[in-house]
Protein chains: 6
Amino acid sequence: MTHSYQTGRLNLPFTGICTFAKKPYVEDWAAIDADAAILGAPFDAGTQYRAGARFGPRGVREASTLFSFGHAGAYDHEDDATYLGSDVRIVDIGDADIVHTDTIQSHANIETGVRAILAAGALPVVIGGDHSVNIPALRAFDDQGDIHVLQIDAHLDFVDERHGVRVGHGNPMRRAAELPFVTGLTQIGIRNVSSTARDGYEDARRMGSDILSVRQSRALGTQALAERIPAGARVYITLDIDAFCPSIAPGTGTPSHGGFLYYEVLELLQAVAQRHEVVGIDLVEVAPDYDPTGSTTILAAQVLMNLLGFIFHARSECGNR
Amino acid sequence: MTHSYQTGRLNLPFTGICTFAKKPYVEDWAAIDADAAILGAPFDAGTQYRAGARFGPRGVREASTLFSFGHAGAYDHEDDATYLGSDVRIVDIGDADIVHTDTIQSHANIETGVRAILAAGALPVVIGGDHSVNIPALRAFDDQGDIHVLQIDAHLDFVDERHGVRVGHGNPMRRAAELPFVTGLTQIGIRNVSSTARDGYEDARRMGSDILSVRQSRALGTQALAERIPAGARVYITLDIDAFCPSIAPGTGTPSHGGFLYYEVLELLQAVAQRHEVVGIDLVEVAPDYDPTGSTTILAAQVLMNLLGFIFHARSECGNR
Amino acid sequence: MTHSYQTGRLNLPFTGICTFAKKPYVEDWAAIDADAAILGAPFDAGTQYRAGARFGPRGVREASTLFSFGHAGAYDHEDDATYLGSDVRIVDIGDADIVHTDTIQSHANIETGVRAILAAGALPVVIGGDHSVNIPALRAFDDQGDIHVLQIDAHLDFVDERHGVRVGHGNPMRRAAELPFVTGLTQIGIRNVSSTARDGYEDARRMGSDILSVRQSRALGTQALAERIPAGARVYITLDIDAFCPSIAPGTGTPSHGGFLYYEVLELLQAVAQRHEVVGIDLVEVAPDYDPTGSTTILAAQVLMNLLGFIFHARSECGNR
Amino acid sequence: MTHSYQTGRLNLPFTGICTFAKKPYVEDWAAIDADAAILGAPFDAGTQYRAGARFGPRGVREASTLFSFGHAGAYDHEDDATYLGSDVRIVDIGDADIVHTDTIQSHANIETGVRAILAAGALPVVIGGDHSVNIPALRAFDDQGDIHVLQIDAHLDFVDERHGVRVGHGNPMRRAAELPFVTGLTQIGIRNVSSTARDGYEDARRMGSDILSVRQSRALGTQALAERIPAGARVYITLDIDAFCPSIAPGTGTPSHGGFLYYEVLELLQAVAQRHEVVGIDLVEVAPDYDPTGSTTILAAQVLMNLLGFIFHARSECGNR
Amino acid sequence: MTHSYQTGRLNLPFTGICTFAKKPYVEDWAAIDADAAILGAPFDAGTQYRAGARFGPRGVREASTLFSFGHAGAYDHEDDATYLGSDVRIVDIGDADIVHTDTIQSHANIETGVRAILAAGALPVVIGGDHSVNIPALRAFDDQGDIHVLQIDAHLDFVDERHGVRVGHGNPMRRAAELPFVTGLTQIGIRNVSSTARDGYEDARRMGSDILSVRQSRALGTQALAERIPAGARVYITLDIDAFCPSIAPGTGTPSHGGFLYYEVLELLQAVAQRHEVVGIDLVEVAPDYDPTGSTTILAAQVLMNLLGFIFHARSECGNR
Amino acid sequence: MTHSYQTGRLNLPFTGICTFAKKPYVEDWAAIDADAAILGAPFDAGTQYRAGARFGPRGVREASTLFSFGHAGAYDHEDDATYLGSDVRIVDIGDADIVHTDTIQSHANIETGVRAILAAGALPVVIGGDHSVNIPALRAFDDQGDIHVLQIDAHLDFVDERHGVRVGHGNPMRRAAELPFVTGLTQIGIRNVSSTARDGYEDARRMGSDILSVRQSRALGTQALAERIPAGARVYITLDIDAFCPSIAPGTGTPSHGGFLYYEVLELLQAVAQRHEVVGIDLVEVAPDYDPTGSTTILAAQVLMNLLGFIFHARSECGNR
């Protein structure tokens with residue numbers, strides 16, 4: 001009968017310090033005690049067109065307050081379910097330290113953060129930053145057993161090396177495919193011209209990638225699409241916001257028309273969360289200053305909140321961890 | 001052969017004083033003589049995230065000039081019909097007086113405006129302001145017979161009371177359901193987490209609401225959706241612009257992804273206008289300054305113009321008033 | 001094995017002078033030697049609501065750099081094809097000289113540019129400017145044999161004359177229909193009220209136009225839609241960016257909700273390029289300053305790049321020129 | 001003791017229809033009965049860089065509501081004076097009809113409006129539009145006796161003819177100097193490179209212009225500056241918003257750094273209003289969409305309101321009309 | 001030799017959680033242990049034109065990170081002083097809880113926060129929100145001894161009551177003057193027309209206010225201006241960001257041209273901090289979303305950081321507390 | 001009598017390809033034949049707050065078209081001089097190739113460009129990019145004899161090393177001071193807190209810097225300020241756009257209030273150009289996307305155009321080359 005609104009604060013979205021979803025801030029990375037932990041990775045020196053993803057963590061945190069009404073969990077009338085109730089403990093551990101001009105050190109700091117989360121037994125949720133932050137994030141999984149990478153993105157990001165660049169935002173999936181504990185990649189939403197040339201596609205397929213465009217994904221439908229991921233695989237999800245149509249995600253560095261609409265991604269994520277153990281998440285390439293309406297950061301926050309809800313709902317239903 | 005363009009002014013959209021659709025301004029609320037009257041309700045102190053809906057009336061009026069080319073009515077080639085010909089008399093009665101810091105008085109002034117329109121036998125069309133302006137607008141119908149409320153919105157807005165708040169923008173549908181002359185509510189487009197918790201949904205259903213999400217509405221299709229409204233009901237339409245996808249309506253206070261696209265709402269409105277007597281309209285939560293492209297105000301104006309066209313076309317066809 | 005990335009410059013999109021797709025600039029219009037030539041037509045005095053299309057050529061050129069990664073052609077994994085390889089020679093010939101306050105002279109200068117391109121045997125690609133620039137562009141085809149005009153647009157643009165105006169952006173399709181060498185028009189995407197009144201529609205149909213709304217086009221599907229164009233016709237494509245939904249093309253003068261989504265237009269253009277000889281293109285009404293996200297210019301560039309790819313791919317496949 | 005706030009409406013700035021300063025709208029130009037009349041001249045086809053001044057009248061009207069608190073006049077504590085009390089009757093007569101693509105007709109319509117105001121014995125206040133609207137505005141004074149033109153502007157606007165252009169926004173002061181009833185020009189604020197070349201400056205001086213830069217004006221000080229205008233002259237003031245520093249007036253087509261600050265212009269206008277009969281005003285080149293902060297339109301409205309206050313205060317003090 | 005940069009994090013401005021100046025967040029208002037405490041007061045229902053000041057605290061916190069380089073204090077080479085060294089303990093206690101539609105409760109919550117800070121013996125620094133938040137902030141000083149109020153503002157804010165409104169953003173200085181422990185007001189920067197009419201000025205002077213415009217302040221100079229405040233007075237500073245010129249502070253609800261430039265206010269604040277005990281601060285009316293450049297929030301943060309530096313530098317120099 | 005406007009094109013600012021000032025583009029860096037050459041250096045990975053300076057060259061080029069009216073030189077009525085006549089040959093050599101994630105290589109490419117300009121005997125004018133691009137630009141002068149560096153900037157940029165960073169945008173002046181051929185630095189405009197701590201100031205003074213704040217510079221006046229530079233020195237000018245007040249230059253990464261106004265910098269540059277041989281220029285930190293009004297890029301272009309005018313005017317007057 002009584003819930004949090006009857007006591008304490010009304011806590012409207014526009015009030016208060018912006019941690020992710022207004023969750024507790026844990027400054028000491030040795031003291032993480034949670035089911036999931038948010039890490040900001042505000043690095044954008046890996047971008048090839050517009051920068052600004054360094055403000056991604058800050059922007060997504062701000063937008064996440066819109067979904068933090070202070071209820072005891074988020075009731076979804078379509079699913080008739082309450083997500084992220086008080087039993088799910090989420091913390092925000094702040095940002096990895098970024099060193100301008102130094103990609104190597106910045107990436108190392110991100111890797112340190114993800115390792116700290118994993119060491120605490122929590123689900124790492126990395127908010128980029130550009131897609132290159134996926135490289136150190138995945139590296140941190142080297143003692144976590146085999147994983148399958150689900151990439152939702154406009155771009156293949158499978159460039160091996162060009163002009164010496166191996167860890168920019170055009171390279172992460174190639175780097176992922178090279179990791180011994182990555183058993184395969186499912187790359188969804190890939191479309192139009194980008195920094196990956198034909199040989200990159202050939203390499204990807206040869207190294208075990210399953211590549212699907214937006215139209216190919218639509219033709220399959222959510223269930224068939226989800227079934228492309230090997231059964232039983234433990235899944236790491238890397239979500240580039242430019243996978244979405246620029247109509248809802250214009251605030252990004254390299255927009256590409258013809259992207260996914262909201263429910264297409266949401267339902268895929270829900271299906272994956274129901275069928276697989278999700279072991280890690282990154283959401284990258286949100287550049288808030290290119291979207292004065294705030295739609296992009298709101299989308300990122302809304303997707304992350306729902307995905308976390310799906311994951312922990314599935315865990316509680318199935319005890320599958 | 002000759003029409004208004006041959007004589008008088010060319011009257012391009014960017015010229016002239018911005019009343020709604022450049023219709024006559026009637027300052028004296030005792031002298032309304034029209035089929036429909038526009039009332040601005042620039043109140044936004046009921047918002048829980050971004051404000052700015054106070055500029056909704058001004059923004060929608062400005063955008064409406066784009067659809068005011070000065071023809072003798074608006075020809076629609078898809079319907080092969082001319083809407084809003086010279087036989088439909090629309091006036092703009094300006095805005096209700098708003099008193100900052102005083103929600104009660106501001107709402108009372110809005111109610112006064114709607115009562116004036118009803119007293120003149122005209123269709124009230126209220127442009128918000130936040131969704132709380134629906135509360136005084138509906139109150140003005142207490143001597144108008146039974147009505148059914150059709151809400152098109154992202155949010156259920158069915159909070160009873162929290163921290164003493166009963167007339168904010170999270171409360172209007174609860175307040176509507178309590179009115180003796182409101183026989184039922186159809187709430188369409190409702191999705192994702194918001195200020196209404198699980199108990200609000202339960203209350204709504206118990207008090208006679210029919211709640212449908214965007215995906216549920218799509219699954220039904222326009223006709224089945226329209227048939228959810230009881231046959232013969234006299235309908236009041238309250239349209240929150242955030243019912244639409246943020247891709248076309250980012251200029252609002254609490255955007256929610258996964259909303260309706262344009263034709264989905266347009267066709268529902270057309271079906272309702274054909275099947276029911278529409279007795280009142282409000283369109284709320286347009287916050288123009290959050291959309292520098294102007295898409296949101298243009299959408300609001302385009303929808304309103306078409307809805308008015310449908311209503312008066314139906315009236316002239318059926319003589320159903 | 002080696003491609004342009006191994007040698008020379010990395011040439012990231014944000015570097016370098018903004019010609020269209022970073023293609024060579026040919027200042028001397030008597031020295032065009034190319035398969036296609038881009039001409040900017042930055043004239044916007046023909047607009048009836050928001051101006052700003054004068055910055056269309058500049059904006060589209062800037063956005064086109066995003067698609068100029070320097071590969072030897074653009075690989076499309078969905079089509080498994082490489083478009084716009086080094087065999088396709090595209091040049092940018094800069095802009096027609098515009099004389100403010102003087103529509104006649106400005107139009108004449110645009111016509112001169114298109115004639116120069118045609119004289120060189122290249123495909124003219126005109127970037128507007130408002131839709132009135134289609135008028136001089138088409139005039140330049142008076143010695144090129146019969147053509148069919150495919151218009152993709154929200155508005156019919158078929159006003160004959162009003163207040164003396166015959167060459168504004170509401171008139172081009174009427175002017176086109178009057179040309180002896182224009183054998184017919186297919187007008188797709190037309191919707192809602194605009195500057196063309198009922199009599200304009202009647203005139204259009206009488207003069208041989210096939211008019212289809214967005215919803216009518218969707219009901220037909222891409223193939224049936226493409227088949228509305230007479231078989232064997234040599235086609236001139238005029239694409240008004242407001243044919244698209246404002247969600248992806250808000251940066252335009254007279255947005256109209258309910259427009260096409262990306263693939264709808266892309267697939268139609270691909271079908272047309274495969275079935276017909278495309279003899280000229282204009283893309284108009286991009287007003288970049290009304291879209292701070294850049295989505296509109298990116299859309300324009302992405303569509304143009306793909307359309308050019310389709311055209312020259314079809315030419316190489318079929319030898320149909 | 002009682003004033004308008006005690007009765008009637010609170011009338012906050014964000015409420016109500018946007019006429020200039022919420023003054024009465026007079027649609028019938030034969031029925032003007034006022035001391036001053038506002039005419040919008042939303043023509044911007046005369047611009048040489050950014051357009052958008054067509055929305056100047058609309059933007060300045062909107063901003064003027066900020067200064068329309070509903071007091072019985074505006075009390076200025078620095079002057080200890082109440083300006084624009086109920087004895088000063090100001091009306092808004094809407095906009096001149098603009099015909100796109102047709103500079104001649106558009107200018108003629110502006111001239112008609114100014115003539116109507118003059119015929120009514122009211123002070124014409126024209127809100128542009130680009131600076132070319134000064135040309136028809138001044139033409140309307142051909143039966144009003146001799147006048148001196150005070151131009152406050154960044155640019156000399158003294159081009160005679162180029163490529164046939166004689167009535168663009170680079171020409172008005174040349175056209176003014178040619179008028180037999182214009183006895184001289186004082187051109188203040190002129191700086192940096194623009195469309196007027198050296199010969200234009202020489203022509204201007206030969207035809208009787210007094211040209212002063214911002215720095216020269218500052219060195220003189222307000223009083224000496226005001227004294228450059230011949231004693232006893234009846235003065236027409238043409239104020240290009242780009243006379244101001246872009247820091248406060250970025251919303252214009254051709255910004256030029258190094259412009260005037262607020263009090264510099266305000267005090268000059270006050271001095272001129274005290275020393276001369278002001279017979280007409282235009283304020284031009286406000287392009288609101290280039291200033292998302294609204295500073296530029298607020299500046300234009302604030303300057304106009306104060307200037308009108310100074311003029312009618314001087315008239316009431318001196319009976320000098 | 002070693003400073004904070006050699007150890008720990010580089011901590012670039014764009015990283016990390018946005019508390020004010022990245023200072024510790026103290027959620028428990030009973031546990032404040034600091035020299036100064038920041039309280040957000042995101043209430044903007046008291047505004048009469050543009051809202052949006054509810055995002056003031058969030059915006060100022062974000063901007064303050066630009067001045068948080070992690071040095072051991074901020075070295076100022078002009079003063080050859082290091083401000084805000086590690087000896088000055090500043091904390092951020094988050095925001096007062098705001099209840100939409102309820103001005104009374106929202107104000108009460110702000111008062112509670114200020115009382116908590118005062119109870120802890122810390123300097124309260126309130127970030128608005130609109131200027132009405134000054135009303136509860138000052139009320140909290142009822143047991144703190146006599147204070148003098150220094151207002152720096154464009155507007156007098158001395159309206160007694162209108163339409164029942166007594167606690168809107170046009171009323172705070174009247175409410176302050178009524179408080180028994182407020183011994184006088186110095187009101188600086190006041191200019192142009194606003195919601196305070198002539199009688200408000202007369203009341204203010206009668207109740208002990210010293211009113212100075214920007215020009216009057218400039219004529220006096222910093223020292224003479226500072227000396228207008230009674231010697232020995234304990235001073236509460238209320239700084240409305242619209243005191244500044246819109247050129248540097250456009251992000252506010254009711255901009256007024258002719259405001260102060262940066263050093264004018266900075267030097268006044270420095271002089272006051274040197275001559276008086278500053279007992280409380282509020283900085284109000286920052287509406288970040290109206291300034292896409294971020295200049296306004298950066299100004300607010302820069303002024304606050306410097307003012308705090310001056311205050312604690314003076315305290316350490318003089319032991320004057 | 002005849003000038004360029006009588007023949008050829010009117011060439012309005014908004015037409016044509018955007019090279020700097022619409023000057024010829026020289027793609028082959030071995031074929032530079034000019035008095036001055038523009039090089040873009042779109043590198044911004046050295047920034048510590050907002051990125052976006054990578055679009056500086058593109059933005060400044062676009063804005064420079066406003067000052068390219070096609071006259072035979074730019075007539076300045078204040079100086080009664082025509083600057084940059086046809087005798088001054090300026091070319092644009094495009095941008096240095098930038099390699100994302102690789103600061104070393106990107107800087108090396110910039111150095112290559114400057115060396116190419118110097119080898120051609122032309123004046124190098126580098127448009128950044130962030131201030132770190134000054135590091136390779138100065139390195140290219142190692143065979144050019146002794147130079148004095150005039151920095152106009154808000155920040156000292158004299159950090160030696162922190163977390164390994166030695167070539168970020170906080171380091172360039174330290175790196176400059178270390179160069180054997182740099183005989184001294186004059187650092188003007190330095191103010192407020194930044195990344196340089198107290199020890200950086202001490203190092204700078206010890207290594208021969210003359211540091212002056214904005215207020216100190218104002219107190220001296222232009223002539224005395226210019227005389228701080230050693231007589232006879234050959235001067236390299238590095239101008240960080242944030243030296244200017246954010247009121248006119250908000251489009252930058254780390255704005256700092258209290259900066260220079262336009263004429264202060266202009267007159268200093270004019271004095272320096274008259275008294276010294278200027279051997280190189282860079283203008284950095286313009287981040288166009290943070291200023292939707294365009295004021296910042298217009299300022300950068302206006303200052304560069306004038307500076308070039310002053311330099312070549314001085315050369316022609318004095319034959320001092």
# chains A, B, ... in the order shown; residues from 1 in each chain; ligands from 1
call {"tool": "interface_residues", "arguments": {"of": "chain B", "to": "chain A", "cutoff": "7 Å", "atoms": "only C-alpha atoms", "output": "JSON list (two decimals) with C-alpha atoms, in the first residue's frame"}}
result
[["chain", "number", "residue", "atom", "x", "y", "z"],
["B", 48, "GLN", "CA", 7.84, 16.78, -13.74],
["B", 49, "TYR", "CA", 10.84, 16.98, -16.06],
["B", 162, "ARG", "CA", 1.46, 12.10, -4.16],
["B", 163, "HIS", "CA", 3.06, 14.54, -1.78],
["B", 192, "ASN", "CA", 7.24, 2.29, -20.56],
["B", 193, "VAL", "CA", 7.84, 3.52, -17.03],
["B", 194, "SER", "CA", 6.43, 6.84, -15.88],
["B", 195, "SER", "CA", 4.97, 8.57, -12.86],
["B", 197, "ALA", "CA", 2.98, 3.06, -10.69],
["B", 198, "ARG", "CA", 1.33, -0.37, -10.82],
["B", 213, "SER", "CA", 0.02, 0.36, -25.71],
["B", 246, "PRO", "CA", 10.21, 11.40, -30.37],
["B", 247, "SER", "CA", 11.47, 11.23, -33.94],
["B", 250, "PRO", "CA", 11.03, 15.73, -29.63],
["B", 251, "GLY", "CA", 9.80, 19.12, -28.45],
["B", 257, "HIS", "CA", 10.56, 6.29, -27.32],
["B", 258, "GLY", "CA", 8.36, 3.81, -29.11],
["B", 290, "TYR", "CA", 13.26, 21.76, -27.15],
["B", 291, "ASP", "CA", 12.88, 21.25, -30.89]]
call {"tool": "residues_around", "arguments": {"residues": "Ala287 of chain F", "least_positions_apart": "2", "cutoff": "9 Å", "atoms": "only C-alpha atoms", "output": "ChimeraX atom specification"}}
result
/F:50-56,59,129-130,250-253,284-285,289-291,296-297
call {"tool": "write_last_selection", "arguments": {"atoms": "C-alpha atoms", "output": "PDB file, in the first residue's frame"}}
result
ATOM      1  CA  ARG F  50      34.919  19.880 -25.152  1.00  0.00           C
ATOM      2  CA  ALA F  51      36.266  18.502 -28.442  1.00  0.00           C
ATOM      3  CA  GLY F  52      35.106  19.660 -31.872  1.00  0.00           C
ATOM      4  CA  ALA F  53      38.083  21.772 -32.976  1.00  0.00           C
ATOM      5  CA  ARG F  54      38.592  19.197 -35.715  1.00  0.00           C
ATOM      6  CA  PHE F  55      35.889  21.115 -37.551  1.00  0.00           C
ATOM      7  CA  GLY F  56      37.737  24.384 -37.049  1.00  0.00           C
ATOM      8  CA  GLY F  59      34.166  26.221 -40.162  1.00  0.00           C
ATOM      9  CA  GLY F 129      42.499  22.058 -34.362  1.00  0.00           C
ATOM     10  CA  ASP F 130      43.327  22.354 -30.727  1.00  0.00           C
ATOM     11  CA  PRO F 250      31.595  30.736 -27.467  1.00  0.00           C
ATOM     12  CA  GLY F 251      32.434  28.077 -30.025  1.00  0.00           C
ATOM     13  CA  THR F 252      35.496  26.721 -28.318  1.00  0.00           C
ATOM     14  CA  GLY F 253      36.452  23.895 -26.023  1.00  0.00           C
ATOM     15  CA  VAL F 284      43.359  27.429 -32.855  1.00  0.00           C
ATOM     16  CA  GLU F 285      40.545  26.018 -30.711  1.00  0.00           C
ATOM     17  CA  ASP F 289      29.463  23.134 -33.467  1.00  0.00           C
ATOM     18  CA  TYR F 290      29.334  24.772 -30.041  1.00  0.00           C
ATOM     19  CA  ASP F 291      28.227  28.061 -31.588  1.00  0.00           C
ATOM     20  CA  THR F 296      32.980  32.314 -33.531  1.00  0.00           C
ATOM     21  CA  THR F 297      33.937  31.180 -37.004  1.00  0.00           C
TER      22      THR F 297
END
call {"tool": "residues_around", "arguments": {"residues": "segment 227-233 of chain D", "least_positions_apart": "3", "cutoff": "7 Å", "atoms": "only C-alpha atoms", "output": "PyMOL selection string"}}
result
chain D and resi 147-148+186+223-224+276
call {"tool": "closest_residue", "arguments": {"among": "D:Pro42, D:Gly128, D:Gly208, D:Gly121", "to": "Ala300 of chain D", "atoms": "only C-alpha atoms"}}
result
D:Gly128
call {"tool": "select_by_dssp", "arguments": {"residues": "segment 141-232 of chain F", "states": "strand (DSSP E)", "output": "list in words"}}
result
Ile147, His148, Val149, Leu150, Gln151, Ile152, Val182, Thr183, Gly184, Leu185, Thr186, Gln187, Ile188, Ser209, Asp210, Ile211 and Leu212 of chain F
call {"tool": "write_last_selection", "arguments": {"atoms": "N, CA, C and O atoms", "output": "PDB file, in the first residue's frame"}}
result
ATOM      1  N   ILE F 147      62.990  33.140 -33.565  1.00  0.00           N
ATOM      2  CA  ILE F 147      61.661  33.749 -33.570  1.00  0.00           C
ATOM      3  C   ILE F 147      61.212  34.015 -32.133  1.00  0.00           C
ATOM      4  O   ILE F 147      61.659  33.366 -31.177  1.00  0.00           O
ATOM      5  N   HIS F 148      60.338  34.977 -32.027  1.00  0.00           N
ATOM      6  CA  HIS F 148      59.683  35.277 -30.759  1.00  0.00           C
ATOM      7  C   HIS F 148      58.232  34.846 -30.906  1.00  0.00           C
ATOM      8  O   HIS F 148      57.602  35.078 -31.936  1.00  0.00           O
ATOM      9  N   VAL F 149      57.691  34.218 -29.876  1.00  0.00           N
ATOM     10  CA  VAL F 149      56.310  33.738 -29.953  1.00  0.00           C
ATOM     11  C   VAL F 149      55.381  34.694 -29.214  1.00  0.00           C
ATOM     12  O   VAL F 149      55.593  34.979 -28.028  1.00  0.00           O
ATOM     13  N   LEU F 150      54.407  35.192 -29.923  1.00  0.00           N
ATOM     14  CA  LEU F 150      53.340  35.987 -29.306  1.00  0.00           C
ATOM     15  C   LEU F 150      52.114  35.091 -29.176  1.00  0.00           C
ATOM     16  O   LEU F 150      51.525  34.692 -30.178  1.00  0.00           O
ATOM     17  N   GLN F 151      51.767  34.785 -27.935  1.00  0.00           N
ATOM     18  CA  GLN F 151      50.572  33.966 -27.700  1.00  0.00           C
ATOM     19  C   GLN F 151      49.448  34.871 -27.205  1.00  0.00           C
ATOM     20  O   GLN F 151      49.646  35.665 -26.266  1.00  0.00           O
ATOM     21  N   ILE F 152      48.301  34.757 -27.803  1.00  0.00           N
ATOM     22  CA  ILE F 152      47.115  35.471 -27.330  1.00  0.00           C
ATOM     23  C   ILE F 152      46.126  34.382 -26.953  1.00  0.00           C
ATOM     24  O   ILE F 152      45.678  33.619 -27.810  1.00  0.00           O
ATOM     25  N   VAL F 182      63.506  29.608 -30.298  1.00  0.00           N
ATOM     26  CA  VAL F 182      62.487  30.500 -29.733  1.00  0.00           C
ATOM     27  C   VAL F 182      63.160  31.351 -28.665  1.00  0.00           C
ATOM     28  O   VAL F 182      63.585  30.850 -27.617  1.00  0.00           O
ATOM     29  N   THR F 183      63.259  32.616 -28.919  1.00  0.00           N
ATOM     30  CA  THR F 183      64.042  33.502 -28.049  1.00  0.00           C
ATOM     31  C   THR F 183      63.225  34.059 -26.890  1.00  0.00           C
ATOM     32  O   THR F 183      63.797  34.626 -25.964  1.00  0.00           O
ATOM     33  N   GLY F 184      61.934  33.894 -26.944  1.00  0.00           N
ATOM     34  CA  GLY F 184      61.101  34.390 -25.851  1.00  0.00           C
ATOM     35  C   GLY F 184      59.642  34.273 -26.189  1.00  0.00           C
ATOM     36  O   GLY F 184      59.271  34.011 -27.338  1.00  0.00           O
ATOM     37  N   LEU F 185      58.832  34.439 -25.141  1.00  0.00           N
ATOM     38  CA  LEU F 185      57.384  34.387 -25.349  1.00  0.00           C
ATOM     39  C   LEU F 185      56.728  35.604 -24.717  1.00  0.00           C
ATOM     40  O   LEU F 185      57.126  36.016 -23.617  1.00  0.00           O
ATOM     41  N   THR F 186      55.740  36.126 -25.393  1.00  0.00           N
ATOM     42  CA  THR F 186      54.864  37.120 -24.798  1.00  0.00           C
ATOM     43  C   THR F 186      53.492  36.479 -24.752  1.00  0.00           C
ATOM     44  O   THR F 186      52.937  36.117 -25.794  1.00  0.00           O
ATOM     45  N   GLN F 187      52.962  36.327 -23.540  1.00  0.00           N
ATOM     46  CA  GLN F 187      51.712  35.571 -23.358  1.00  0.00           C
ATOM     47  C   GLN F 187      50.643  36.519 -22.836  1.00  0.00           C
ATOM     48  O   GLN F 187      50.709  36.975 -21.704  1.00  0.00           O
ATOM     49  N   ILE F 188      49.664  36.783 -23.647  1.00  0.00           N
ATOM     50  CA  ILE F 188      48.709  37.869 -23.407  1.00  0.00           C
ATOM     51  C   ILE F 188      47.277  37.330 -23.313  1.00  0.00           C
ATOM     52  O   ILE F 188      46.866  36.534 -24.154  1.00  0.00           O
ATOM     53  N   SER F 209      59.248  34.081 -20.183  1.00  0.00           N
ATOM     54  CA  SER F 209      57.932  34.539 -20.631  1.00  0.00           C
ATOM     55  C   SER F 209      57.548  35.869 -19.997  1.00  0.00           C
ATOM     56  O   SER F 209      57.881  36.134 -18.848  1.00  0.00           O
ATOM     57  N   ASP F 210      56.825  36.638 -20.745  1.00  0.00           N
ATOM     58  CA  ASP F 210      56.193  37.858 -20.246  1.00  0.00           C
ATOM     59  C   ASP F 210      54.692  37.575 -20.246  1.00  0.00           C
ATOM     60  O   ASP F 210      54.090  37.408 -21.307  1.00  0.00           O
ATOM     61  N   ILE F 211      54.110  37.484 -19.048  1.00  0.00           N
ATOM     62  CA  ILE F 211      52.714  37.051 -18.910  1.00  0.00           C
ATOM     63  C   ILE F 211      51.832  38.232 -18.535  1.00  0.00           C
ATOM     64  O   ILE F 211      52.087  38.909 -17.537  1.00  0.00           O
ATOM     65  N   LEU F 212      50.795  38.456 -19.294  1.00  0.00           N
ATOM     66  CA  LEU F 212      49.903  39.589 -19.040  1.00  0.00           C
ATOM     67  C   LEU F 212      48.452  39.137 -19.136  1.00  0.00           C
ATOM     68  O   LEU F 212      48.066  38.481 -20.103  1.00  0.00           O
TER      69      LEU F 212
END
call {"tool": "residues_around", "arguments": {"residues": "segment 96-108 of chain B", "least_positions_apart": "5", "cutoff": "10 Å", "atoms": "only C-alpha atoms", "output": "PyMOL selection string"}}
result
(chain B and resi 39-46+54+113-114+126+132-137+139-140+167-168) or (chain D and resi 8-16) or (chain E and resi 44-49+100-104+132+162-169)
call {"tool": "select_by_dssp", "arguments": {"residues": "segment 115-170 of chain D", "states": "alpha helix (DSSP H)", "output": "list in words"}}
result
Arg115, Ala116, Ile117, Leu118, Ala119, Asn134, Ile135, Pro136, Ala137, Leu138 and Arg139 of chain D
